[in-house]
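A.B. asks: Contents are mmCIF, C-alpha atoms; file name my_file_28.cif:
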```
data_upload
loop_
_atom_site.group_PDB
_atom_site.id
_atom_site.type_symbol
_atom_site.label_atom_id
_atom_site.label_comp_id
_atom_site.auth_asym_id
_atom_site.auth_seq_id
_atom_site.Cartn_x
_atom_site.Cartn_y
_atom_site.Cartn_z
ATOM 1 C CA MET N 52 72.402 163.951 41.709
ATOM 2 C CA PHE N 53 69.340 165.229 39.847
ATOM 3 C CA LEU N 54 67.000 163.588 42.377
ATOM 4 C CA ILE N 55 68.886 165.138 45.275
ATOM 5 C CA ARG N 56 68.633 168.567 43.639
ATOM 6 C CA VAL N 57 64.883 168.110 43.071
ATOM 7 C CA PHE N 58 64.480 167.001 46.681
ATOM 8 C CA LEU N 59 66.407 170.011 48.036
ATOM 9 C CA VAL N 60 64.507 172.521 45.876
ATOM 10 C CA SER N 61 61.189 170.936 46.915
ATOM 11 C CA LEU N 62 62.194 171.019 50.588
ATOM 12 C CA PHE N 63 63.246 174.659 50.360
ATOM 13 C CA ALA N 64 60.011 175.621 48.554
ATOM 14 C CA TYR N 65 57.941 173.710 51.117
ATOM 15 C CA LEU N 66 59.631 175.404 54.078
ATOM 16 C CA PHE N 67 59.759 178.864 52.486
ATOM 17 C CA PHE N 68 56.179 179.006 51.187
ATOM 18 C CA GLY N 69 54.756 176.892 54.004
ATOM 19 C CA TYR N 70 56.253 178.710 56.974
ATOM 20 C CA LEU N 71 58.028 181.949 55.994
ATOM 21 C CA CYS N 72 56.232 183.465 53.051
ATOM 22 C CA ILE N 73 52.722 182.022 52.997
ATOM 23 C CA PRO N 74 50.720 182.659 49.799
ATOM 24 C CA PHE N 75 47.090 183.686 50.270
ATOM 25 C CA THR N 76 44.077 184.858 48.289
ATOM 26 C CA ILE N 77 42.044 187.767 49.578
ATOM 27 C CA GLN N 78 38.402 186.825 49.998
ATOM 28 C CA GLY N 79 36.049 189.612 50.978
ATOM 29 C CA MET N 80 35.924 193.373 50.722
ATOM 30 C CA SER N 81 36.941 194.396 54.225
ATOM 31 C CA MET N 82 40.303 195.847 53.092
ATOM 32 C CA GLU N 83 39.112 197.540 49.891
ATOM 33 C CA PRO N 84 40.321 199.571 48.082
ATOM 34 C CA THR N 85 43.841 198.866 49.414
ATOM 35 C CA TYR N 86 43.516 195.094 48.969
ATOM 36 C CA PRO N 87 40.719 194.177 46.531
ATOM 37 C CA ASP N 88 38.701 190.977 46.719
ATOM 38 C CA GLY N 89 40.377 188.160 44.785
ATOM 39 C CA GLY N 90 43.882 189.608 45.040
ATOM 40 C CA VAL N 91 46.898 187.391 45.701
ATOM 41 C CA ASN N 92 49.623 188.192 48.195
ATOM 42 C CA PHE N 93 52.115 186.576 50.583
ATOM 43 C CA CYS N 94 52.216 186.740 54.363
ATOM 44 C CA TRP N 95 55.778 187.542 55.383
ATOM 45 C CA ARG N 96 56.233 185.847 58.755
ATOM 46 C CA LEU N 97 59.471 187.609 59.673
ATOM 47 C CA ARG N 98 57.918 191.094 59.496
ATOM 48 C CA TYR N 99 57.703 191.385 63.289
ATOM 49 C CA LEU N 100 60.746 189.387 64.249
ATOM 50 C CA PHE N 101 62.539 192.445 65.643
ATOM 51 C CA SER N 102 59.678 194.941 65.892
ATOM 52 C CA GLU N 103 56.091 195.218 67.040
ATOM 53 C CA PRO N 104 53.003 195.861 64.911
ATOM 54 C CA LYS N 105 52.216 199.584 64.896
ATOM 55 C CA ARG N 106 49.750 202.021 63.323
ATOM 56 C CA PRO N 107 49.063 201.953 60.312
ATOM 57 C CA ASP N 108 50.609 198.540 59.506
ATOM 58 C CA VAL N 109 48.523 195.967 57.669
ATOM 59 C CA VAL N 110 48.751 192.606 59.438
ATOM 60 C CA ALA N 111 47.548 189.045 58.996
ATOM 61 C CA VAL N 112 45.673 187.777 62.060
ATOM 62 C CA ARG N 113 45.419 184.026 62.414
ATOM 63 C CA PHE N 114 42.597 181.875 63.695
ATOM 64 C CA ALA N 115 43.585 178.326 64.749
ATOM 65 C CA GLY N 116 46.339 178.131 62.127
ATOM 66 C CA SER N 117 47.640 179.726 58.975
ATOM 67 C CA ARG N 118 45.059 178.380 56.510
ATOM 68 C CA VAL N 119 42.533 181.126 57.294
ATOM 69 C CA MET N 120 43.659 184.602 58.306
ATOM 70 C CA LEU N 121 42.147 188.059 58.588
ATOM 71 C CA LEU N 122 43.865 190.923 56.783
ATOM 72 C CA LYS N 123 43.445 194.073 58.897
ATOM 73 C CA ARG N 124 45.054 197.401 59.666
ATOM 74 C CA VAL N 125 46.460 198.211 63.093
ATOM 75 C CA VAL N 126 44.886 201.430 64.381
ATOM 76 C CA ALA N 127 45.895 201.330 68.046
ATOM 77 C CA ARG N 128 48.494 199.709 70.268
ATOM 78 C CA GLU N 129 48.298 198.458 73.842
ATOM 79 C CA GLY N 130 47.330 201.081 76.394
ATOM 80 C CA GLU N 131 45.872 203.434 73.786
ATOM 81 C CA GLN N 132 42.285 204.608 73.888
ATOM 82 C CA VAL N 133 40.445 203.919 70.613
ATOM 83 C CA GLU N 134 37.201 205.536 69.524
ATOM 84 C CA PHE N 135 35.154 206.229 66.379
ATOM 85 C CA ARG N 136 33.069 209.405 66.080
ATOM 86 C CA ASP N 137 30.967 209.721 62.929
ATOM 87 C CA GLY N 138 33.466 207.599 61.018
ATOM 88 C CA LYS N 139 36.550 209.415 62.264
ATOM 89 C CA LEU N 140 39.189 207.538 64.247
ATOM 90 C CA PHE N 141 40.324 209.024 67.554
ATOM 91 C CA ILE N 142 43.307 207.685 69.489
ATOM 92 C CA ASP N 143 43.707 209.006 73.024
ATOM 93 C CA GLY N 144 41.237 211.746 72.098
ATOM 94 C CA ARG N 145 43.233 212.917 69.033
ATOM 95 C CA GLU N 146 41.792 212.588 65.538
ATOM 96 C CA ILE N 147 43.908 210.408 63.242
ATOM 97 C CA GLU N 148 44.161 211.142 59.532
ATOM 98 C CA GLU N 149 43.523 207.939 57.565
ATOM 99 C CA SER N 150 44.320 208.411 53.883
ATOM 100 C CA TYR N 151 43.696 204.710 53.164
ATOM 101 C CA VAL N 152 39.975 204.978 54.048
ATOM 102 C CA ARG N 153 38.304 205.980 50.775
ATOM 103 C CA PHE N 154 34.667 205.009 51.266
ATOM 104 C CA PRO N 155 32.213 207.058 53.358
ATOM 105 C CA CYS N 156 32.009 205.926 56.981
ATOM 106 C CA HIS N 157 29.708 206.974 59.804
ATOM 107 C CA TRP N 158 30.767 204.569 62.530
ATOM 108 C CA ASN N 159 30.418 205.369 66.197
ATOM 109 C CA LEU N 160 32.241 203.314 68.789
ATOM 110 C CA VAL N 161 32.556 204.369 72.400
ATOM 111 C CA SER N 162 36.070 204.814 73.700
ATOM 112 C CA ARG N 163 37.887 201.699 74.939
ATOM 113 C CA ARG N 164 41.413 200.957 76.046
ATOM 114 C CA VAL N 165 43.488 198.370 74.205
ATOM 115 C CA GLU N 166 44.609 195.708 76.665
ATOM 116 C CA LYS N 167 48.201 194.741 77.377
ATOM 117 C CA GLY N 168 49.666 192.449 74.734
ATOM 118 C CA CYS N 169 47.005 193.395 72.182
ATOM 119 C CA VAL N 170 46.558 195.588 69.106
ATOM 120 C CA TYR N 171 43.327 197.051 67.756
ATOM 121 C CA VAL N 172 42.672 196.155 64.120
ATOM 122 C CA VAL N 173 40.122 197.419 61.602
ATOM 123 C CA GLY N 174 39.582 196.988 57.862
ATOM 124 C CA ASP N 175 39.991 199.875 55.403
ATOM 125 C CA ASN N 176 36.508 199.425 53.963
ATOM 126 C CA ARG N 177 34.146 200.936 56.518
ATOM 127 C CA SER N 178 31.201 201.522 54.244
ATOM 128 C CA MET N 179 29.164 198.770 55.890
ATOM 129 C CA PRO N 180 27.491 199.075 59.326
ATOM 130 C CA ILE N 181 29.983 198.556 62.174
ATOM 131 C CA GLU N 182 28.019 195.468 63.324
ATOM 132 C CA ASN N 183 28.838 193.728 60.036
ATOM 133 C CA HIS N 184 32.555 194.449 60.127
ATOM 134 C CA HIS N 185 35.186 192.329 61.867
ATOM 135 C CA LEU N 186 37.157 194.712 64.038
ATOM 136 C CA GLY N 187 38.522 194.699 67.533
ATOM 137 C CA GLN N 188 41.475 193.978 69.703
ATOM 138 C CA THR N 189 43.467 190.837 69.254
ATOM 139 C CA SER N 190 46.469 189.349 70.962
ATOM 140 C CA LYS N 191 49.826 190.171 69.335
ATOM 141 C CA ILE N 192 50.524 186.432 69.393
ATOM 142 C CA ARG N 193 47.881 186.075 66.682
ATOM 143 C CA VAL N 194 49.640 188.489 64.352
ATOM 144 C CA MET N 195 51.301 186.152 61.836
ATOM 145 C CA GLY N 196 53.100 188.856 59.873
ATOM 146 C CA GLY N 197 52.257 191.301 57.142
ATOM 147 C CA PRO N 198 51.541 191.212 53.403
ATOM 148 C CA LEU N 199 54.589 191.472 51.152
ATOM 149 C CA TRP N 200 53.121 194.444 49.230
ATOM 150 C CA MET X 194 73.913 153.442 40.663
ATOM 151 C CA VAL X 195 72.612 150.007 41.649
ATOM 152 C CA LYS X 196 72.899 150.947 45.321
ATOM 153 C CA VAL X 197 70.859 154.127 44.790
ATOM 154 C CA ARG X 198 68.192 152.065 43.019
ATOM 155 C CA TYR X 199 67.982 149.634 45.935
ATOM 156 C CA LEU X 200 67.846 152.541 48.366
ATOM 157 C CA LEU X 201 64.986 154.175 46.466
ATOM 158 C CA MET X 202 63.116 150.870 46.279
ATOM 159 C CA GLY X 203 63.609 150.416 50.010
ATOM 160 C CA VAL X 204 62.240 153.912 50.756
ATOM 161 C CA LEU X 205 59.278 153.288 48.431
ATOM 162 C CA ILE X 206 58.451 149.965 50.125
ATOM 163 C CA LEU X 207 58.718 151.646 53.526
ATOM 164 C CA ILE X 208 56.345 154.454 52.480
ATOM 165 C CA ILE X 209 53.825 151.963 51.049
ATOM 166 C CA GLY X 210 54.077 149.896 54.236
ATOM 167 C CA ILE X 211 53.436 152.892 56.476
ATOM 168 C CA ALA X 212 50.533 154.075 54.273
ATOM 169 C CA LEU X 213 48.946 150.613 54.330
ATOM 170 C CA SER X 214 49.269 150.223 58.086
ATOM 171 C CA LEU X 215 47.744 153.691 58.611
ATOM 172 C CA ALA X 216 44.848 152.823 56.314
ATOM 173 C CA VAL X 217 44.161 149.462 57.957
ATOM 174 C CA PHE X 218 44.649 150.618 61.560
ATOM 175 C CA PRO X 219 43.532 154.277 61.760
ATOM 176 C CA SER X 220 45.029 156.205 64.624
ATOM 177 C CA GLU X 221 42.915 157.867 67.293
ATOM 178 C CA GLU X 222 43.722 161.195 65.641
ATOM 179 C CA LYS X 223 42.212 159.960 62.400
ATOM 180 C CA ARG X 224 39.104 158.712 64.210
ATOM 181 C CA VAL X 225 38.662 162.132 65.839
ATOM 182 C CA LYS X 226 39.162 163.871 62.475
ATOM 183 C CA LYS X 227 36.502 161.633 60.942
ATOM 184 C CA ARG X 228 33.926 162.952 63.422
ATOM 185 C CA PHE X 229 34.713 166.483 62.260
ATOM 186 C CA TYR X 230 34.416 165.490 58.604
ATOM 187 C CA LEU X 231 31.017 163.978 59.345
ATOM 188 C CA LEU X 232 29.936 167.177 61.110
ATOM 189 C CA SER X 233 31.124 169.199 58.121
ATOM 190 C CA GLU X 234 29.259 166.926 55.705
ATOM 191 C CA TRP X 235 26.022 166.973 57.679
ATOM 192 C CA VAL X 236 25.980 170.712 58.350
ATOM 193 C CA SER X 237 26.620 171.499 54.672
ATOM 194 C CA LYS X 238 23.596 171.777 52.430
ATOM 195 C CA SER X 239 23.244 171.591 48.677
ATOM 196 C CA PRO X 240 20.525 173.597 46.871
ATOM 197 C CA GLU X 241 18.960 170.307 45.695
ATOM 198 C CA GLU X 242 18.596 168.817 49.202
ATOM 199 C CA ASN X 243 15.106 167.403 49.723
ATOM 200 C CA SER X 244 13.204 167.341 53.017
ATOM 201 C CA PHE X 245 13.933 163.638 53.596
ATOM 202 C CA ALA X 246 17.698 164.220 53.332
ATOM 203 C CA MET X 247 17.335 167.313 55.515
ATOM 204 C CA LEU X 248 15.600 165.364 58.299
ATOM 205 C CA LYS X 249 18.177 162.562 58.059
ATOM 206 C CA LYS X 250 21.088 164.992 58.356
ATOM 207 C CA MET X 251 19.398 166.832 61.218
ATOM 208 C CA LYS X 252 19.062 163.570 63.151
ATOM 209 C CA GLU X 253 22.612 162.501 62.329
ATOM 210 C CA ILE X 254 24.120 165.771 63.589
ATOM 211 C CA GLY X 255 22.718 164.990 67.050
ATOM 212 C CA THR X 256 24.403 161.583 67.136
ATOM 213 C CA LEU X 257 27.841 163.230 67.115
ATOM 214 C CA PHE X 258 27.254 164.882 70.490
ATOM 215 C CA LEU X 259 27.385 163.592 74.013
ATOM 216 C CA GLU X 260 24.331 164.047 76.178
ATOM 217 C CA PRO X 261 24.386 166.705 77.528
ATOM 218 C CA CYS X 262 26.898 168.720 75.520
ATOM 219 C CA GLU X 263 28.120 172.118 76.618
ATOM 220 C CA LEU X 264 27.992 174.821 73.952
ATOM 221 C CA LYS X 265 29.587 178.226 74.503
ATOM 222 C CA ALA X 266 28.931 180.707 71.725
ATOM 223 C CA PRO X 267 27.531 183.827 73.413
ATOM 224 C CA HIS X 268 27.604 185.895 70.179
ATOM 225 C CA ASP X 269 25.520 183.260 68.410
ATOM 226 C CA SER X 270 23.014 183.067 71.296
ATOM 227 C CA LEU X 271 24.179 179.632 72.412
ATOM 228 C CA SER X 272 25.326 179.050 75.947
ATOM 229 C CA GLY X 273 24.756 176.145 78.297
ATOM 230 C CA SER X 274 24.118 172.422 78.223
ATOM 231 C CA TYR X 275 22.110 170.952 75.389
ATOM 232 C CA THR X 276 20.645 167.527 74.718
ATOM 233 C CA ARG X 277 21.114 165.735 71.390
ATOM 234 C CA GLN X 278 17.522 166.536 70.482
ATOM 235 C CA GLU X 279 18.016 170.205 71.194
ATOM 236 C CA ILE X 280 21.199 170.296 69.104
ATOM 237 C CA SER X 281 19.456 168.512 66.220
ATOM 238 C CA ALA X 282 16.517 170.890 66.426
ATOM 239 C CA TYR X 283 18.803 173.938 66.556
ATOM 240 C CA ALA X 284 20.848 172.694 63.587
ATOM 241 C CA GLY X 285 17.672 171.930 61.627
ATOM 242 C CA SER X 286 16.206 175.337 62.352
ATOM 243 C CA ALA X 287 19.482 177.101 61.439
ATOM 244 C CA ARG X 288 19.865 175.106 58.200
ATOM 245 C CA SER X 289 16.290 175.882 57.147
ATOM 246 C CA HIS X 290 17.243 179.578 56.800
ATOM 247 C CA PHE X 291 19.724 178.731 54.052
ATOM 248 C CA SER X 292 19.275 177.412 50.528
ATOM 249 C CA GLN X 293 22.932 176.437 50.344
ATOM 250 C CA LEU X 294 25.596 175.929 53.011
ATOM 251 C CA ASP X 295 29.234 174.936 52.915
ATOM 252 C CA PHE X 296 30.841 174.140 56.267
ATOM 253 C CA LYS X 297 34.595 173.745 56.023
ATOM 254 C CA LEU X 298 37.133 173.017 58.738
ATOM 255 C CA TYR X 299 40.789 174.069 58.689
ATOM 256 C CA ASP X 300 43.907 173.744 60.822
ATOM 257 C CA LEU X 301 42.712 170.978 63.135
ATOM 258 C CA GLN X 302 45.130 170.659 66.033
ATOM 259 C CA ILE X 303 44.420 167.568 68.086
ATOM 260 C CA ALA X 304 45.818 166.888 71.542
ATOM 261 C CA PHE X 305 45.013 164.093 73.979
ATOM 262 C CA PRO X 306 45.313 165.634 77.472
ATOM 263 C CA GLU X 307 43.895 162.509 79.142
ATOM 264 C CA LYS X 308 43.069 158.975 78.127
ATOM 265 C CA GLU X 309 39.940 158.915 75.949
ATOM 266 C CA VAL X 310 39.706 162.715 75.885
ATOM 267 C CA ALA X 311 40.619 164.798 72.828
ATOM 268 C CA ASP X 312 41.098 168.558 72.803
ATOM 269 C CA VAL X 313 40.745 169.998 69.303
ATOM 270 C CA THR X 314 41.309 173.562 68.130
ATOM 271 C CA LEU X 315 40.255 174.455 64.607
ATOM 272 C CA THR X 316 39.010 177.146 62.263
ATOM 273 C CA ALA X 317 35.468 176.708 60.984
ATOM 274 C CA ARG X 318 34.173 178.568 57.958
ATOM 275 C CA LEU X 319 30.523 178.719 56.983
ATOM 276 C CA THR X 320 29.691 180.099 53.549
ATOM 277 C CA GLY X 321 26.435 179.996 51.683
ATOM 278 C CA LYS X 322 23.258 181.695 50.645
ATOM 279 C CA SER X 323 20.238 182.440 52.789
ATOM 280 C CA THR X 324 16.719 181.720 51.529
ATOM 281 C CA SER X 325 16.350 185.476 50.951
ATOM 282 C CA GLY X 326 19.405 185.425 48.653
ATOM 283 C CA GLU X 327 21.872 187.015 51.092
ATOM 284 C CA GLN X 328 25.464 185.709 50.927
ATOM 285 C CA ILE X 329 27.033 184.654 54.219
ATOM 286 C CA ASP X 330 30.661 184.097 55.120
ATOM 287 C CA GLU X 331 31.363 183.479 58.788
ATOM 288 C CA ILE X 332 34.632 182.312 60.317
ATOM 289 C CA ARG X 333 35.123 181.159 63.894
ATOM 290 C CA GLU X 334 37.888 179.558 65.892
ATOM 291 C CA LEU X 335 36.522 176.633 67.856
ATOM 292 C CA GLU X 336 37.823 174.669 70.791
ATOM 293 C CA CYS X 337 36.164 171.286 71.111
ATOM 294 C CA LEU X 338 36.419 168.619 73.738
ATOM 295 C CA LEU X 339 35.600 165.078 72.646
ATOM 296 C CA LYS X 340 35.177 162.001 74.799
ATOM 297 C CA LYS X 341 35.534 158.415 73.718
ATOM 298 C CA ILE X 342 32.647 156.163 74.682
ATOM 299 C CA ASP X 343 32.244 152.614 73.337
ATOM 300 C CA ARG X 344 35.109 153.154 70.850
ATOM 301 C CA LYS X 345 33.419 156.239 69.369
ATOM 302 C CA TRP X 346 34.295 159.895 69.841
ATOM 303 C CA PHE X 347 31.555 162.359 70.854
ATOM 304 C CA PHE X 348 31.604 166.132 71.209
ATOM 305 C CA SER X 349 31.195 166.999 74.885
ATOM 306 C CA LYS X 350 32.036 170.702 74.696
ATOM 307 C CA VAL X 351 32.214 173.220 71.863
ATOM 308 C CA GLU X 352 33.405 176.745 72.557
ATOM 309 C CA VAL X 353 33.799 179.682 70.190
ATOM 310 C CA ILE X 354 37.093 181.483 70.819
ATOM 311 C CA GLU X 355 36.966 185.235 70.417
ATOM 312 C CA VAL X 356 39.700 186.336 67.991
ATOM 313 C CA LEU X 357 38.662 189.989 67.706
ATOM 314 C CA ARG X 358 37.001 191.690 70.636
ATOM 315 C CA LYS X 359 35.225 194.984 69.927
#
```
Just give me the structure of the file as structure tokens.

C.D. replies:
Amino acid sequence: MFLIRVFLVSLFAYLFFGYLCIPFTIQGMSMEPTYPDGGVNFCWRLRYLFSEPKRPDVVAVRFAGSRVMLLKRVVAREGEQVEFRDGKLFIDGREIEESYVRFPCHWNLVSRRVEKGCVYVVGDNRSMPIENHHLGQTSKIRVMGGPLW
Amino acid sequence: MVKVRYLLMGVLILIIGIALSLAVFPSEEKRVKKRFYLLSEWVSKSPEENSFAMLKKMKEIGTLFLEPCELKAPHDSLSGSYTRQEISAYAGSARSHFSQLDFKLYDLQIAFPEKEVADVTLTARLTGKSTSGEQIDEIRELECLLKKIDRKWFFSKVEVIEVLRK
């Protein structure tokens, strides 16, 4: 009986933490100060089961699998026009207030439309040159979920 | 209680049997994975690496690729068909800019679309320190095509998949 209980608990933990609520460590400063380097969190896979990622959700974007993911903020949805002017975000020509961006930013990015089935993601830390920051549009299929907190 | 003990022993023997057979007769998937582990080992660089080891690794990297091999990484200024020598030279030149490199591979998904052809998708992460002391941390999703020739797998195409497009 004890062995069966151990087996069931192990199976549940494996499925829950392996597929539904994936633990991860934040490596890098791209989401500072919201998510500091070295922080621990969980990727909740069911976040977008009945909804779509929208501004200003923080999402986990996968590469080939779930072992390495990018933690980014959604700034634009499909069909929207995204642009940066002297560090300020413009969506469809309207300036967007971003309270989560705390560091000085002077990015410039010419206007571009987000393709169908994609979202545009950017990190909160925009103090580095735009060339050194991972940002851009990604397929919604790559959005694994969102952090638990 | 006795029955449970026999059942557990049976399961244990079965697991040991499967593990032994997998170790003695590696599957094609394992053989393909081994090529990636070799690539990871040879691309990585320790701060103590001497020039003899560097040359040896440089040469060995080339042996993993088919001649010619197609490389598609437009953002890393690589696009087209390359010979083994060219790949070795490129790898050697790239490694010389770093005092330490760690090349790790994650989430390998291996499919065999045809006989003696393997299609592998994976995440590659390169971390390290440049000779000028700058820290690097680059992640790419790769799609690789490998072909089996004379019972050995060789990279015939490596393509960087764009995850975020500015």

A.B. asks: Give me, as a Markdown table, each residue of segment 234-273 of chain X that comes within 10 Å of segment 335-342 of chain X, together with its shortest interatomic pair and the distance in Å at one decimal, counting all atoms listed in the file, with rows ordered by chain and rising residue number.

C.D. replies:
```
| residue | atom | partner | partner_atom | distance |
| --- | --- | --- | --- | --- |
| X:Leu257 | CA | X:Leu339 | CA | 9.7 |
| X:Phe258 | CA | X:Leu339 | CA | 8.6 |
| X:Leu259 | CA | X:Lys340 | CA | 8.0 |
| X:Cys262 | CA | X:Leu338 | CA | 9.7 |
| X:Glu263 | CA | X:Leu338 | CA | 9.5 |
| X:Leu264 | CA | X:Cys337 | CA | 9.3 |
| X:Lys265 | CA | X:Glu336 | CA | 9.7 |
| X:Ala266 | CA | X:Leu335 | CA | 9.4 |
```

A.B. asks: Those selected residues, please, written with C-alpha atoms and delivered as a tab-separated table (two decimals), keeping the file's coordinate frame.

C.D. replies:
```
chain	number	residue	atom	x	y	z
X	257	LEU	CA	27.84	163.23	67.11
X	258	PHE	CA	27.25	164.88	70.49
X	259	LEU	CA	27.38	163.59	74.01
X	262	CYS	CA	26.90	168.72	75.52
X	263	GLU	CA	28.12	172.12	76.62
X	264	LEU	CA	27.99	174.82	73.95
X	265	LYS	CA	29.59	178.23	74.50
X	266	ALA	CA	28.93	180.71	71.72
```

A.B. asks: May I have the residues of chain X within 10 Å of chain N, counting all atoms listed in the file, written as a ChimeraX atom specification?

C.D. replies: /X:298-302,313-318,330,332-336,354-359

A.B. asks: Restricting it to C-alpha atoms, dump the selection as a PDB file, in the coordinates of the input.

C.D. replies:
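Result went into part.pdb, see below:
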```
ATOM      1  CA  LEU X 298      37.133 173.017  58.738  1.00  0.00           C
ATOM      2  CA  TYR X 299      40.789 174.069  58.689  1.00  0.00           C
ATOM      3  CA  ASP X 300      43.907 173.744  60.822  1.00  0.00           C
ATOM      4  CA  LEU X 301      42.712 170.978  63.135  1.00  0.00           C
ATOM      5  CA  GLN X 302      45.130 170.659  66.033  1.00  0.00           C
ATOM      6  CA  VAL X 313      40.745 169.998  69.303  1.00  0.00           C
ATOM      7  CA  THR X 314      41.309 173.562  68.130  1.00  0.00           C
ATOM      8  CA  LEU X 315      40.255 174.455  64.607  1.00  0.00           C
ATOM      9  CA  THR X 316      39.010 177.146  62.263  1.00  0.00           C
ATOM     10  CA  ALA X 317      35.468 176.708  60.984  1.00  0.00           C
ATOM     11  CA  ARG X 318      34.173 178.568  57.958  1.00  0.00           C
ATOM     12  CA  ASP X 330      30.661 184.097  55.120  1.00  0.00           C
ATOM     13  CA  ILE X 332      34.632 182.312  60.317  1.00  0.00           C
ATOM     14  CA  ARG X 333      35.123 181.159  63.894  1.00  0.00           C
ATOM     15  CA  GLU X 334      37.888 179.558  65.892  1.00  0.00           C
ATOM     16  CA  LEU X 335      36.522 176.633  67.856  1.00  0.00           C
ATOM     17  CA  GLU X 336      37.823 174.669  70.791  1.00  0.00           C
ATOM     18  CA  ILE X 354      37.093 181.483  70.819  1.00  0.00           C
ATOM     19  CA  GLU X 355      36.966 185.235  70.417  1.00  0.00           C
ATOM     20  CA  VAL X 356      39.700 186.336  67.991  1.00  0.00           C
ATOM     21  CA  LEU X 357      38.662 189.989  67.706  1.00  0.00           C
ATOM     22  CA  ARG X 358      37.001 191.690  70.636  1.00  0.00           C
ATOM     23  CA  LYS X 359      35.225 194.984  69.927  1.00  0.00           C
TER      24      LYS X 359
END
```

A.B. asks: For the file shown, what are the residues hit by the PyMOL selection byres ((chain N and resi 135) around 12), laid out as an MDAnalysis selection string?

C.D. replies: (chainID N and resid 126:127 132:134 136:147 156:163 173 177 181 186) or (chainID X and resid 359)

A.B. asks: On this structure, which residues satisfy the PyMOL selection byres ((chain X and resi 276-285) around 12), written as a PyMOL selection string?

C.D. replies: chain X and resi 232+235-238+244+246-264+269-275+286-291+347-351

A.B. asks: Name the residues in contact with segment 83-95 of chain N at a cut-off of 12 Å, using only C-alpha atoms, excluding same-chain residues fewer than 3 positions from it; report them as a JSON list (two decimals) with C-alpha atoms, in the frame of the given file.

C.D. replies:
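Below you can see part13.json, which holds the result:
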```json
[["chain", "number", "residue", "atom", "x", "y", "z"],
["N", 67, "PHE", "CA", 59.76, 178.86, 52.49],
["N", 68, "PHE", "CA", 56.18, 179.01, 51.19],
["N", 69, "GLY", "CA", 54.76, 176.89, 54.00],
["N", 70, "TYR", "CA", 56.25, 178.71, 56.97],
["N", 71, "LEU", "CA", 58.03, 181.95, 55.99],
["N", 72, "CYS", "CA", 56.23, 183.46, 53.05],
["N", 73, "ILE", "CA", 52.72, 182.02, 53.00],
["N", 74, "PRO", "CA", 50.72, 182.66, 49.80],
["N", 75, "PHE", "CA", 47.09, 183.69, 50.27],
["N", 76, "THR", "CA", 44.08, 184.86, 48.29],
["N", 77, "ILE", "CA", 42.04, 187.77, 49.58],
["N", 78, "GLN", "CA", 38.40, 186.82, 50.00],
["N", 79, "GLY", "CA", 36.05, 189.61, 50.98],
["N", 80, "MET", "CA", 35.92, 193.37, 50.72],
["N", 98, "ARG", "CA", 57.92, 191.09, 59.50],
["N", 99, "TYR", "CA", 57.70, 191.38, 63.29],
["N", 100, "LEU", "CA", 60.75, 189.39, 64.25],
["N", 109, "VAL", "CA", 48.52, 195.97, 57.67],
["N", 110, "VAL", "CA", 48.75, 192.61, 59.44],
["N", 111, "ALA", "CA", 47.55, 189.04, 59.00],
["N", 112, "VAL", "CA", 45.67, 187.78, 62.06],
["N", 113, "ARG", "CA", 45.42, 184.03, 62.41],
["N", 117, "SER", "CA", 47.64, 179.73, 58.98],
["N", 118, "ARG", "CA", 45.06, 178.38, 56.51],
["N", 119, "VAL", "CA", 42.53, 181.13, 57.29],
["N", 120, "MET", "CA", 43.66, 184.60, 58.31],
["N", 121, "LEU", "CA", 42.15, 188.06, 58.59],
["N", 122, "LEU", "CA", 43.86, 190.92, 56.78],
["N", 123, "LYS", "CA", 43.44, 194.07, 58.90],
["N", 124, "ARG", "CA", 45.05, 197.40, 59.67],
["N", 150, "SER", "CA", 44.32, 208.41, 53.88],
["N", 151, "TYR", "CA", 43.70, 204.71, 53.16],
["N", 152, "VAL", "CA", 39.98, 204.98, 54.05],
["N", 153, "ARG", "CA", 38.30, 205.98, 50.78],
["N", 154, "PHE", "CA", 34.67, 205.01, 51.27],
["N", 173, "VAL", "CA", 40.12, 197.42, 61.60],
["N", 174, "GLY", "CA", 39.58, 196.99, 57.86],
["N", 175, "ASP", "CA", 39.99, 199.88, 55.40],
["N", 176, "ASN", "CA", 36.51, 199.42, 53.96],
["N", 177, "ARG", "CA", 34.15, 200.94, 56.52],
["N", 178, "SER", "CA", 31.20, 201.52, 54.24],
["N", 179, "MET", "CA", 29.16, 198.77, 55.89],
["N", 194, "VAL", "CA", 49.64, 188.49, 64.35],
["N", 195, "MET", "CA", 51.30, 186.15, 61.84],
["N", 196, "GLY", "CA", 53.10, 188.86, 59.87],
["N", 197, "GLY", "CA", 52.26, 191.30, 57.14],
["N", 198, "PRO", "CA", 51.54, 191.21, 53.40],
["N", 199, "LEU", "CA", 54.59, 191.47, 51.15],
["N", 200, "TRP", "CA", 53.12, 194.44, 49.23]]
```

A.B. asks: Rounded to one decimal in Å, what is the spacing between atom CA of Phe229 of chain X and atom CA of Arg344 of chain X?

C.D. replies: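 Value for the atom CA of Phe229 of chain X-atom CA of Arg344 of chain X distance: 15.9 Å.
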
A.B. asks: Taking the file as shown, find all residues satisfying the PyMOL selection byres ((chain X and resi 320) around 8) and write them as a compact mmCIF listing (two decimals) with C-alpha atoms, in the frame of the given file.

C.D. replies:
```txt
# COMPACT_ATOMS: atom_id res chain seq x y z
CA LEU X 294 25.60 175.93 53.01
CA ASP X 295 29.23 174.94 52.92
CA PHE X 296 30.84 174.14 56.27
CA ARG X 318 34.17 178.57 57.96
CA LEU X 319 30.52 178.72 56.98
CA GLY X 321 26.44 180.00 51.68
CA LYS X 322 23.26 181.70 50.64
CA GLN X 328 25.46 185.71 50.93
CA ILE X 329 27.03 184.65 54.22
CA ASP X 330 30.66 184.10 55.12
CA GLU X 331 31.36 183.48 58.79
```
